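K.L.:
Contents of target.cif (mmCIF, C-alpha atoms and all ligand atoms) are below:
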```cif
data_target
#
loop_
_atom_site.label_atom_id
_atom_site.label_comp_id
_atom_site.auth_asym_id
_atom_site.auth_seq_id
_atom_site.Cartn_x
_atom_site.Cartn_y
_atom_site.Cartn_z
CA MET A 1 23.41 60.60 6.29
CA ARG A 2 21.27 57.54 5.81
CA THR A 3 21.15 55.03 8.57
CA LYS A 4 21.30 51.92 6.43
CA PRO A 5 24.65 50.15 6.66
CA ALA A 6 27.03 51.14 3.96
CA ARG A 7 28.54 48.88 1.43
CA ALA A 8 32.24 49.18 1.77
CA VAL A 9 33.21 49.30 -1.84
CA LYS A 10 30.82 49.39 -4.69
CA THR A 11 31.22 48.77 -8.32
CA SER A 12 32.45 51.64 -10.27
CA LYS A 13 31.68 51.04 -13.92
CA PRO A 14 33.98 53.71 -15.15
CA ALA A 15 37.06 52.97 -13.22
CA ARG A 16 39.77 51.79 -15.42
CA LYS A 17 39.53 48.37 -13.97
CA PRO A 18 36.36 46.65 -12.93
CA VAL A 19 35.54 47.93 -9.50
CA ALA A 20 35.37 44.54 -7.93
CA LYS A 21 38.98 44.27 -8.90
CA ALA A 22 39.75 47.73 -7.62
CA ALA A 23 38.12 46.71 -4.36
CA THR A 24 40.32 43.69 -4.12
CA LYS A 25 43.34 45.83 -4.69
CA ALA A 26 42.17 48.42 -2.22
CA THR A 27 41.76 45.67 0.30
CA ALA A 28 45.22 44.40 -0.41
CA VAL A 29 46.59 47.87 0.09
CA VAL A 30 44.73 48.29 3.35
CA LYS A 31 45.97 44.96 4.65
CA ALA A 32 49.55 45.91 4.06
CA LYS A 33 48.83 49.12 5.95
CA ALA A 34 49.64 50.28 2.63
CA GLY A 35 48.11 53.37 1.70
CA ARG A 36 51.84 53.02 1.32
CA PRO A 37 52.04 51.38 -2.02
CA THR A 38 55.58 52.67 -2.34
CA PRO A 39 54.67 55.53 -4.64
CA SER A 40 57.28 55.96 -7.26
CA HIS A 41 58.11 59.10 -9.17
CA ASN A 42 57.45 57.48 -12.50
CA GLY A 43 53.74 57.89 -12.01
CA THR A 44 52.97 54.34 -11.00
CA THR A 45 50.58 55.23 -8.22
CA ASN A 46 48.96 57.94 -10.23
CA GLY A 47 48.33 55.95 -13.30
CA HIS A 48 45.09 54.39 -12.09
CA ALA A 49 46.95 51.12 -11.82
CA PRO A 50 48.72 51.13 -8.51
CA LYS A 51 50.83 48.16 -7.63
CA PRO A 52 49.53 45.98 -4.87
CA ALA A 53 51.67 46.08 -1.77
CA ARG A 54 54.95 44.35 -2.30
CA ALA A 55 55.90 41.21 -0.50
CA GLY A 56 58.31 42.11 2.22
CA VAL A 57 56.60 45.37 3.17
CA ALA A 58 56.15 45.40 6.94
CA VAL A 59 52.53 44.56 7.74
CA LYS A 60 51.10 46.05 10.90
CA HIS A 61 48.10 43.96 11.75
CA SER A 62 47.26 46.13 14.75
CA THR A 63 45.64 48.69 12.43
CA TYR A 64 42.71 46.44 11.68
CA ALA A 65 43.02 43.74 14.30
CA THR A 66 39.94 45.04 16.11
CA PHE A 67 37.78 44.47 13.05
CA ALA A 68 36.49 41.01 12.30
CA THR A 69 36.41 41.49 8.54
CA THR A 70 37.85 43.80 5.96
CA HIS A 71 34.29 44.94 5.28
CA GLU A 72 34.00 46.10 8.90
CA PHE A 73 37.36 47.81 8.69
CA LEU A 74 36.39 49.68 5.55
CA THR A 75 33.03 50.83 6.85
CA ALA A 76 34.67 52.11 10.02
CA GLN A 77 37.07 54.16 7.97
CA LYS A 78 34.67 56.44 6.18
CA PRO A 79 34.63 58.17 3.94
CA ILE A 80 35.76 55.66 1.40
CA ILE A 81 37.63 57.73 -1.14
CA TYR A 82 38.30 57.21 -4.83
CA VAL A 83 42.00 57.65 -5.54
CA ASN A 84 43.31 56.89 -9.01
CA GLY A 85 41.10 53.93 -9.74
CA MET A 86 40.85 52.53 -6.20
CA MET A 87 38.33 52.92 -3.41
CA VAL A 88 40.27 53.26 -0.16
CA PRO A 89 39.42 54.30 3.39
CA LYS A 90 40.26 57.88 4.39
CA ALA A 91 43.33 56.95 6.43
CA HIS A 92 44.84 55.22 3.42
CA ALA A 93 43.86 57.65 0.68
CA MET A 94 47.25 58.90 -0.47
CA VAL A 95 49.08 60.23 -3.50
CA SER A 96 52.72 60.33 -4.48
CA VAL A 97 54.91 63.06 -2.95
CA TYR A 98 56.01 63.65 -6.55
CA ASP A 99 52.48 64.62 -7.54
CA HIS A 100 52.59 68.09 -9.07
CA GLY A 101 49.26 68.91 -7.46
CA LEU A 102 51.13 68.76 -4.16
CA LEU A 103 54.47 70.13 -5.35
CA TYR A 104 53.12 73.06 -7.37
CA GLY A 105 49.34 73.30 -6.97
CA ASP A 106 49.21 72.11 -10.57
CA GLY A 107 45.69 70.85 -11.11
CA VAL A 108 42.04 71.78 -10.96
CA PHE A 109 39.14 70.89 -8.70
CA GLU A 110 35.43 71.17 -8.07
CA GLY A 111 33.36 71.45 -4.91
CA ILE A 112 29.90 69.99 -5.49
CA ARG A 113 26.82 69.56 -3.28
CA ILE A 114 24.75 66.43 -2.95
CA TYR A 115 21.13 67.18 -2.13
CA ASN A 116 18.61 64.36 -1.70
CA GLY A 117 21.08 61.95 -3.29
CA LYS A 118 21.34 64.12 -6.42
CA ILE A 119 24.50 65.81 -7.68
CA PHE A 120 23.46 69.45 -7.72
CA LYS A 121 24.26 71.14 -11.05
CA CYS A 122 26.41 68.16 -12.00
CA GLY A 123 26.48 69.13 -15.70
CA GLN A 124 27.72 72.65 -14.95
CA HIS A 125 30.41 71.36 -12.60
CA MET A 126 31.65 68.91 -15.23
CA GLU A 127 31.59 71.68 -17.83
CA ARG A 128 33.67 73.96 -15.60
CA LEU A 129 36.11 71.19 -14.60
CA TRP A 130 36.83 70.32 -18.23
CA ARG A 131 37.05 73.99 -19.23
CA CYS A 132 39.50 74.76 -16.39
CA ALA A 133 41.59 71.67 -17.20
CA GLU A 134 41.79 72.83 -20.81
CA MET A 135 42.89 76.29 -19.68
CA ILE A 136 45.94 74.75 -17.97
CA ARG A 137 46.40 72.15 -20.72
CA LEU A 138 45.62 69.26 -18.44
CA ARG A 139 44.15 66.14 -19.99
CA ILE A 140 41.60 64.49 -17.72
CA PRO A 141 42.21 60.74 -17.98
CA VAL A 142 38.55 59.68 -17.75
CA SER A 143 35.45 60.66 -19.70
CA ARG A 144 32.74 62.91 -18.24
CA GLU A 145 30.42 59.92 -17.94
CA GLU A 146 33.08 57.98 -16.06
CA MET A 147 33.70 60.92 -13.76
CA VAL A 148 30.01 61.20 -12.92
CA GLN A 149 29.93 57.46 -12.23
CA VAL A 150 32.92 57.81 -9.89
CA MET A 151 31.00 60.46 -7.96
CA ARG A 152 27.89 58.28 -7.77
CA ASP A 153 30.00 55.36 -6.54
CA CYS A 154 31.49 57.52 -3.78
CA ILE A 155 28.02 58.76 -2.78
CA ASP A 156 26.84 55.15 -2.64
CA ALA A 157 29.88 53.76 -0.86
CA ASN A 158 29.40 56.33 1.89
CA SER A 159 25.58 56.29 1.97
CA ILE A 160 25.32 60.03 1.56
CA ASP A 161 21.99 61.74 0.94
CA ASN A 162 23.11 65.27 1.64
CA GLY A 163 26.77 66.16 1.56
CA TYR A 164 29.64 67.51 -0.43
CA ILE A 165 31.96 66.17 -3.11
CA ARG A 166 35.51 67.32 -3.63
CA LEU A 167 36.70 66.31 -7.07
CA ILE A 168 40.37 66.82 -7.82
CA VAL A 169 42.32 66.37 -11.04
CA SER A 170 46.01 66.89 -10.41
CA ARG A 171 48.80 66.92 -12.97
CA GLY A 172 49.95 63.65 -11.47
CA ALA A 173 53.33 62.30 -10.45
CA GLY A 174 56.37 63.64 -12.29
CA ASN A 175 59.84 64.61 -11.28
CA LEU A 176 61.00 67.52 -9.12
CA GLY A 177 60.96 70.00 -11.99
CA LEU A 178 57.96 72.07 -13.10
CA ASP A 179 57.65 70.42 -16.50
CA PRO A 180 54.12 69.02 -16.85
CA ARG A 181 55.33 66.81 -19.71
CA LYS A 182 57.09 64.71 -17.09
CA CYS A 183 53.74 63.79 -15.55
CA PRO A 184 52.40 61.09 -17.85
CA THR A 185 49.01 60.58 -16.21
CA ALA A 186 46.81 63.03 -14.37
CA GLY A 187 45.55 61.94 -10.97
CA VAL A 188 41.85 61.77 -10.10
CA ILE A 189 40.53 61.92 -6.55
CA CYS A 190 36.91 62.01 -5.44
CA ILE A 191 35.96 62.59 -1.80
CA ALA A 192 32.30 62.46 -0.75
CA ASP A 193 31.91 63.76 2.78
CA GLN A 194 30.19 66.44 4.84
CA ILE A 195 31.05 70.14 4.93
CA SER A 196 29.96 73.00 7.14
CA LEU A 197 31.78 76.20 6.42
CA TYR A 198 30.32 78.68 8.88
CA PRO A 199 28.47 78.42 12.21
CA LYS A 200 24.73 77.79 11.69
CA GLU A 201 23.68 81.00 13.46
CA PHE A 202 25.50 83.11 10.84
CA TYR A 203 22.77 82.11 8.38
CA GLN A 204 20.28 84.07 10.53
CA THR A 205 22.47 86.83 11.89
CA GLY A 206 24.69 87.41 8.88
CA MET A 207 28.48 87.45 9.05
CA ARG A 208 31.06 90.16 9.51
CA ILE A 209 33.69 90.39 6.77
CA ILE A 210 36.51 92.73 5.80
CA VAL A 211 37.97 94.15 2.61
CA ALA A 212 41.39 92.54 2.24
CA LYS A 213 44.40 94.73 1.59
CA ARG A 214 45.83 92.01 -0.63
CA PRO A 215 44.46 92.24 -4.18
CA ARG A 216 43.21 89.28 -6.18
CA THR A 217 45.72 87.83 -8.65
CA PRO A 218 45.13 89.73 -11.92
CA ILE A 219 43.39 87.91 -14.76
CA GLU A 220 46.50 88.25 -16.94
CA CYS A 221 48.61 86.38 -14.37
CA LEU A 222 46.26 83.62 -13.25
CA ASP A 223 42.67 83.97 -14.40
CA PRO A 224 40.44 83.53 -11.32
CA ARG A 225 38.00 81.69 -13.61
CA ILE A 226 40.40 78.77 -13.35
CA LYS A 227 39.47 76.79 -10.26
CA SER A 228 43.00 75.60 -9.77
CA LEU A 229 44.66 73.81 -6.88
CA ASN A 230 46.68 76.98 -6.31
CA TYR A 231 44.66 78.95 -3.74
CA LEU A 232 47.49 80.79 -2.01
CA ASN A 233 46.23 84.23 -3.08
CA ASN A 234 42.83 83.42 -1.55
CA ILE A 235 44.41 81.92 1.56
CA LEU A 236 46.39 85.11 2.16
CA GLY A 237 43.11 87.04 1.92
CA LYS A 238 41.56 84.58 4.35
CA VAL A 239 44.49 84.99 6.77
CA GLU A 240 43.81 88.75 6.77
CA ALA A 241 40.17 88.03 7.64
CA ILE A 242 41.23 85.73 10.47
CA ASP A 243 43.64 88.40 11.75
CA HIS A 244 40.60 90.70 11.99
CA GLY A 245 38.56 88.13 13.87
CA CYS A 246 36.26 87.13 11.01
CA ASP A 247 35.90 84.40 8.41
CA GLU A 248 35.75 86.07 5.01
CA ALA A 249 37.33 88.90 3.08
CA ILE A 250 36.34 90.76 -0.06
CA MET A 251 39.20 90.78 -2.56
CA LEU A 252 39.64 93.70 -4.95
CA ASN A 253 41.28 93.66 -8.34
CA LEU A 254 44.33 95.83 -9.05
CA ASP A 255 42.02 98.66 -10.19
CA GLY A 256 40.27 98.64 -6.83
CA TYR A 257 37.02 97.05 -7.98
CA VAL A 258 35.30 94.36 -5.92
CA GLY A 259 35.86 90.89 -7.33
CA GLU A 260 34.75 88.20 -4.95
CA CYS A 261 35.51 86.81 -1.52
CA THR A 262 38.24 84.27 -0.81
CA GLY A 263 35.90 81.33 -1.36
CA ASP A 264 32.55 82.86 -2.34
CA ASN A 265 30.98 85.20 -4.87
CA ILE A 266 29.35 88.41 -3.67
CA PHE A 267 25.94 89.98 -4.31
CA VAL A 268 24.71 93.44 -3.39
CA ILE A 269 21.14 94.69 -3.08
CA LYS A 270 20.21 98.34 -3.51
CA ASN A 271 16.63 99.61 -3.76
CA GLY A 272 15.31 96.11 -4.38
CA LYS A 273 17.73 95.40 -7.25
CA VAL A 274 20.45 92.77 -7.09
CA PHE A 275 23.97 93.30 -8.44
CA THR A 276 27.04 91.09 -8.70
CA PRO A 277 30.51 91.84 -10.11
CA PRO A 278 31.22 90.79 -13.71
CA THR A 279 33.76 88.19 -14.79
CA GLU A 280 36.02 91.06 -15.93
CA SER A 281 36.44 92.15 -12.32
CA GLY A 282 38.37 88.90 -11.76
CA ILE A 283 36.14 86.21 -10.31
CA LEU A 284 35.46 82.53 -10.34
CA GLU A 285 32.23 82.13 -12.28
CA GLY A 286 30.45 80.42 -9.41
CA ILE A 287 27.81 77.83 -10.11
CA THR A 288 25.83 79.03 -7.09
CA ARG A 289 26.19 82.59 -8.43
CA ARG A 290 24.63 81.53 -11.71
CA PHE A 291 21.90 79.59 -9.91
CA VAL A 292 21.07 82.62 -7.74
CA MET A 293 20.87 84.80 -10.86
CA ASP A 294 18.36 82.29 -12.27
CA LEU A 295 16.46 82.33 -8.97
CA CYS A 296 16.24 86.13 -9.18
CA ALA A 297 14.66 85.78 -12.62
CA ASP A 298 12.18 83.19 -11.28
CA GLU A 299 11.31 85.44 -8.35
CA GLY A 300 10.90 88.52 -10.55
CA ILE A 301 13.86 90.29 -8.92
CA ALA A 302 16.07 92.39 -11.20
CA CYS A 303 19.65 91.13 -11.20
CA ASN A 304 22.53 92.73 -13.10
CA VAL A 305 26.28 92.38 -13.31
CA LYS A 306 28.07 95.59 -12.43
CA ALA A 307 31.62 96.61 -11.54
CA MET A 308 31.51 98.04 -8.02
CA ARG A 309 33.85 99.89 -5.68
CA PRO A 310 34.04 98.81 -2.02
CA ASP A 311 32.16 101.96 -0.89
CA GLU A 312 29.20 101.04 -3.07
CA VAL A 313 29.10 97.60 -1.50
CA LYS A 314 29.41 99.04 2.00
CA GLY A 315 26.53 101.42 1.28
CA ALA A 316 24.21 98.66 0.05
CA ASP A 317 20.90 97.74 1.69
CA GLU A 318 21.91 94.08 1.78
CA VAL A 319 24.96 92.02 0.88
CA PHE A 320 25.19 88.25 0.65
CA LEU A 321 27.74 85.67 -0.40
CA THR A 322 27.23 82.53 -2.47
CA GLY A 323 29.20 79.34 -2.89
CA THR A 324 28.72 75.61 -3.08
CA ALA A 325 29.89 75.13 0.49
CA ALA A 326 28.49 78.39 1.93
CA GLU A 327 25.23 78.27 -0.11
CA ILE A 328 23.66 81.73 0.53
CA ILE A 329 24.79 83.69 3.57
CA ALA A 330 24.09 87.30 4.53
CA VAL A 331 26.79 89.83 5.38
CA SER A 332 26.03 91.98 8.45
CA GLN A 333 29.11 94.19 8.48
CA ILE A 334 32.05 95.07 6.20
CA ASP A 335 35.03 96.56 8.02
CA ASP A 336 33.35 99.17 10.29
CA SER A 337 30.25 99.61 8.13
CA LYS A 338 27.02 97.96 9.19
CA ILE A 339 25.07 96.62 6.22
CA GLY A 340 21.39 97.62 6.29
CA THR A 341 19.97 96.75 9.69
CA GLY A 342 22.95 94.54 10.46
CA ALA A 343 20.96 91.33 9.99
CA GLU A 344 19.78 89.24 7.05
CA GLY A 345 17.67 91.48 4.82
CA PRO A 346 14.33 90.60 3.16
CA VAL A 347 15.64 89.99 -0.37
CA THR A 348 18.48 87.76 0.87
CA LYS A 349 15.97 85.84 3.00
CA ARG A 350 13.63 85.40 0.06
CA LEU A 351 16.43 84.08 -2.16
CA ARG A 352 17.83 81.84 0.57
CA GLU A 353 14.40 80.33 1.12
CA ALA A 354 13.83 79.87 -2.61
CA PHE A 355 17.24 78.15 -2.79
CA ARG A 356 16.34 75.83 0.11
CA ARG A 357 13.03 74.92 -1.52
CA VAL A 358 14.83 73.76 -4.66
CA VAL A 359 17.58 71.80 -2.91
CA THR A 360 15.24 70.07 -0.48
CA GLY A 361 12.63 69.33 -3.14
CA GLN A 362 12.00 66.28 -5.25
CA HIS A 363 13.60 67.72 -8.37
CA VAL A 364 17.11 68.78 -7.40
CA PRO A 365 18.59 69.95 -10.72
CA GLU A 366 21.54 67.91 -12.00
CA ASP A 367 21.93 69.89 -15.23
C1 LIG A 401 37.25 81.92 -5.08
C2 LIG A 401 35.87 81.37 -5.17
N1 LIG A 401 34.89 82.16 -5.63
C3 LIG A 401 33.63 81.71 -5.73
C4 LIG A 401 33.29 80.44 -5.34
C5 LIG A 401 31.87 79.96 -5.48
O1 LIG A 401 31.77 79.09 -6.57
P1 LIG A 401 30.68 77.93 -6.62
O2 LIG A 401 29.36 78.59 -6.42
O3 LIG A 401 30.83 77.32 -7.95
O4 LIG A 401 30.99 77.00 -5.50
C6 LIG A 401 34.28 79.59 -4.86
C7 LIG A 401 33.94 78.22 -4.48
O5 LIG A 401 34.75 77.41 -4.20
C8 LIG A 401 35.60 80.06 -4.77
O6 LIG A 401 36.57 79.29 -4.32
#
```
Kindly present the structure from the file in structure tokens form.
P.N.:
Amino acid sequence: MRTKPARAVKTSKPARKPVAKAATKATAVVKAKAGRPTPSHNGTTNGHAPKPARAGVAVKHSTYATFATTHEFLTAQKPIIYVNGMMVPKAHAMVSVYDHGLLYGDGVFEGIRIYNGKIFKCGQHMERLWRCAEMIRLRIPVSREEMVQVMRDCIDANSIDNGYIRLIVSRGAGNLGLDPRKCPTAGVICIADQISLYPKEFYQTGMRIIVAKRPRTPIECLDPRIKSLNYLNNILGKVEAIDHGCDEAIMLNLDGYVGECTGDNIFVIKNGKVFTPPTESGILEGITRRFVMDLCADEGIACNVKAMRPDEVKGADEVFLTGTAAEIIAVSQIDDSKIGTGAEGPVTKRLREAFRRVVTGQHVPED
């Protein structure tokens, strides 16, 4: 994080309304301790045009009484979050309880890294977000350019140099039925914050994982390529991992082939060659996965996609996981099988260092 004081709310060209105006509204909402803008089920709060707090709503001044100005209040409430056209402090960033993202997990999202103030692989994340939205017939209510501007505004508003963006497009507020046609406007949320998935020492020692008993949802039922808000299958895999005292689990498809982990893709190294499961095994096509495949090419390391059984993975020389949040992390043990020497292997180390060089360099790729 930079040390310079943050601007509380910055202009967001794309937002439906001029950001200065959005800021004014956000302020109004904050003052009414609103974050409670009386969300209605007709989509009002999700339509990028939330009503300012109504007269007569009880105002609790104690919330911000200790701050001399609204600016001070906002900067003390970081991160400032973009919610449906407004920039609001974390404590007041809310959506309707009728939002189908909440009611049904109906929506899509992206996790994106900020390195050196740049949005890492921004183009690919936008591509995937729009593709996933299309796959669930969800119309994103802003253009790609506007979405990128929203992200830059959030980075700016929170003075982030290195961090993480969570971008969410939910179906929006509807009624209590499933019907997406009852949700007139999709909701857009952008959170720019920090993330640290695993303890730092795991990046040197490697992490212990298990093979989950629960299979990954089959492609025919819910294609894992869709990065949807419905992660219950993955969470159940994660719960199994936690029950076994570790943080990750490999998930198999119904045919018993390795797909991916609950929140990461998986790579295997055997005799100096790198392998990763194909899309057909049922995986999210990770942006870090693709980047690591490119890194392999740059480093002159052979990398191929290959369907693999758990025993092949357990018998590998090295195994590592990739993901936006996890970056590149070695696996030291799967179930009772030690992987290689039980520490980060040389190929994993080489790729992890190559990755770090790119993301700490002057030319962080935004493509
Ligand atoms: C299930 C799953 N697989 C793989 C990944 C890695 O994808 P990416 O590298 O795009 O972050 C994620 C990341 O969130 C994930 O949730």
K.L.:
Show me which residues are within 7 Å of ligand LIG 401 (chain A) counting all atoms listed in the file, and format the list as a PyMOL selection string.
P.N.:
chain A and resi 111+234+260-265+283-289+322-325
K.L.:
Rank A:Ser228, A:Pro310, A:Met207, A:His100 by their smallest atom-to-atom distance to Lys182 in chain A, using all atoms listed in the file, and report the top residue only.
P.N.:
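Using all atoms listed in the file, Lys182 in chain A sits closest to A:His100.
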K.L.:
Take CA of Arg128 in chain A and CA of Ala307 in chain A and report the distance between them in Å, one decimal.
P.N.:
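Calculated distance between CA of Arg128 in chain A and CA of Ala307 in chain A is 23.1 Å.
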K.L.:
Just the residues within 7 Å of Asp99 in chain A, please, counting all atoms listed in the file, with nothing from its chain fewer than 4 positions along; format it as a list in words.
P.N.:
Val95, Leu103, Arg171, Gly172, Ala173 and Gly174 of chain A
K.L.:
Store the residues picked out above in a file with C-alpha atoms, as a PDB file, in the frame of the given file.
P.N.:
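For reference, part16.pdb as written:
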```
ATOM      1  CA  VAL A  95      49.080  60.230  -3.500  1.00  0.00           C
ATOM      2  CA  LEU A 103      54.470  70.130  -5.350  1.00  0.00           C
ATOM      3  CA  ARG A 171      48.800  66.920 -12.970  1.00  0.00           C
ATOM      4  CA  GLY A 172      49.950  63.650 -11.470  1.00  0.00           C
ATOM      5  CA  ALA A 173      53.330  62.300 -10.450  1.00  0.00           C
ATOM      6  CA  GLY A 174      56.370  63.640 -12.290  1.00  0.00           C
TER       7      GLY A 174
END
```
K.L.:
Which residue is closest to Arg357 in chain A? Choose from A:Arg152, A:Asn116, A:Tyr231, A:Met126 and count only C-alpha atoms.
P.N.:
A:Asn116
K.L.:
Looking at only C-alpha atoms, which of A:Leu197, A:Ala192, A:Met86, A:Leu129 is the one that sits closest to Ala326 in chain A?
P.N.:
A:Leu197
K.L.:
Which distance in Å separates CA of Cys154 in chain A and CA of Arg352 in chain A, to one decimal?
P.N.:
28.2 Å
K.L.:
Using only C-alpha atoms, which protein or nucleic acid residues come within 7 Å of Asn158 in chain A? Drop anything in the same chain fewer than 4 positions from it, and give the result as number ranges by chain.
P.N.:
A: 6, 78-80, 154
K.L.:
Convert the current residue selection to file output with C-alpha atoms, as a PDB file, keeping the file's coordinate frame.
P.N.:
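Writing the result to again_4.pdb gives the following:
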```pdb
ATOM      1  CA  ALA A   6      27.030  51.140   3.960  1.00  0.00           C
ATOM      2  CA  LYS A  78      34.670  56.440   6.180  1.00  0.00           C
ATOM      3  CA  PRO A  79      34.630  58.170   3.940  1.00  0.00           C
ATOM      4  CA  ILE A  80      35.760  55.660   1.400  1.00  0.00           C
ATOM      5  CA  CYS A 154      31.490  57.520  -3.780  1.00  0.00           C
TER       6      CYS A 154
END
```
K.L.:
Quick one: residues within 6 Å of range 164-170 of chain A, only C-alpha atoms, excluding same-chain residues fewer than 2 positions away - as a PDB file with C-alpha atoms, in the frame of the given file?
P.N.:
```pdb
ATOM      1  CA  GLY A 101      49.260  68.910  -7.460  1.00  0.00           C
ATOM      2  CA  GLY A 107      45.690  70.850 -11.110  1.00  0.00           C
ATOM      3  CA  VAL A 108      42.040  71.780 -10.960  1.00  0.00           C
ATOM      4  CA  PHE A 109      39.140  70.890  -8.700  1.00  0.00           C
ATOM      5  CA  GLU A 110      35.430  71.170  -8.070  1.00  0.00           C
ATOM      6  CA  GLY A 111      33.360  71.450  -4.910  1.00  0.00           C
ATOM      7  CA  ILE A 112      29.900  69.990  -5.490  1.00  0.00           C
ATOM      8  CA  ARG A 113      26.820  69.560  -3.280  1.00  0.00           C
ATOM      9  CA  ILE A 114      24.750  66.430  -2.950  1.00  0.00           C
ATOM     10  CA  GLY A 172      49.950  63.650 -11.470  1.00  0.00           C
ATOM     11  CA  ALA A 186      46.810  63.030 -14.370  1.00  0.00           C
ATOM     12  CA  GLY A 187      45.550  61.940 -10.970  1.00  0.00           C
ATOM     13  CA  VAL A 188      41.850  61.770 -10.100  1.00  0.00           C
ATOM     14  CA  ILE A 189      40.530  61.920  -6.550  1.00  0.00           C
ATOM     15  CA  CYS A 190      36.910  62.010  -5.440  1.00  0.00           C
ATOM     16  CA  ILE A 191      35.960  62.590  -1.800  1.00  0.00           C
ATOM     17  CA  ALA A 192      32.300  62.460  -0.750  1.00  0.00           C
ATOM     18  CA  ASP A 193      31.910  63.760   2.780  1.00  0.00           C
ATOM     19  CA  GLN A 194      30.190  66.440   4.840  1.00  0.00           C
TER      20      GLN A 194
END
```
K.L.:
Please determine, counting only C-alpha atoms, which residue among A:Tyr115, A:Tyr82, A:Phe120, A:Phe267 has the shortest atom-to-atom distance to Ala157 in chain A.
P.N.:
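Using only C-alpha atoms, Ala157 in chain A sits closest to A:Tyr82.
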K.L.:
Please indicate the distance in Å from CA of Ile334 in chain A to CA of Ile209 in chain A, rounded to one decimal place.
P.N.:
5.0 Å
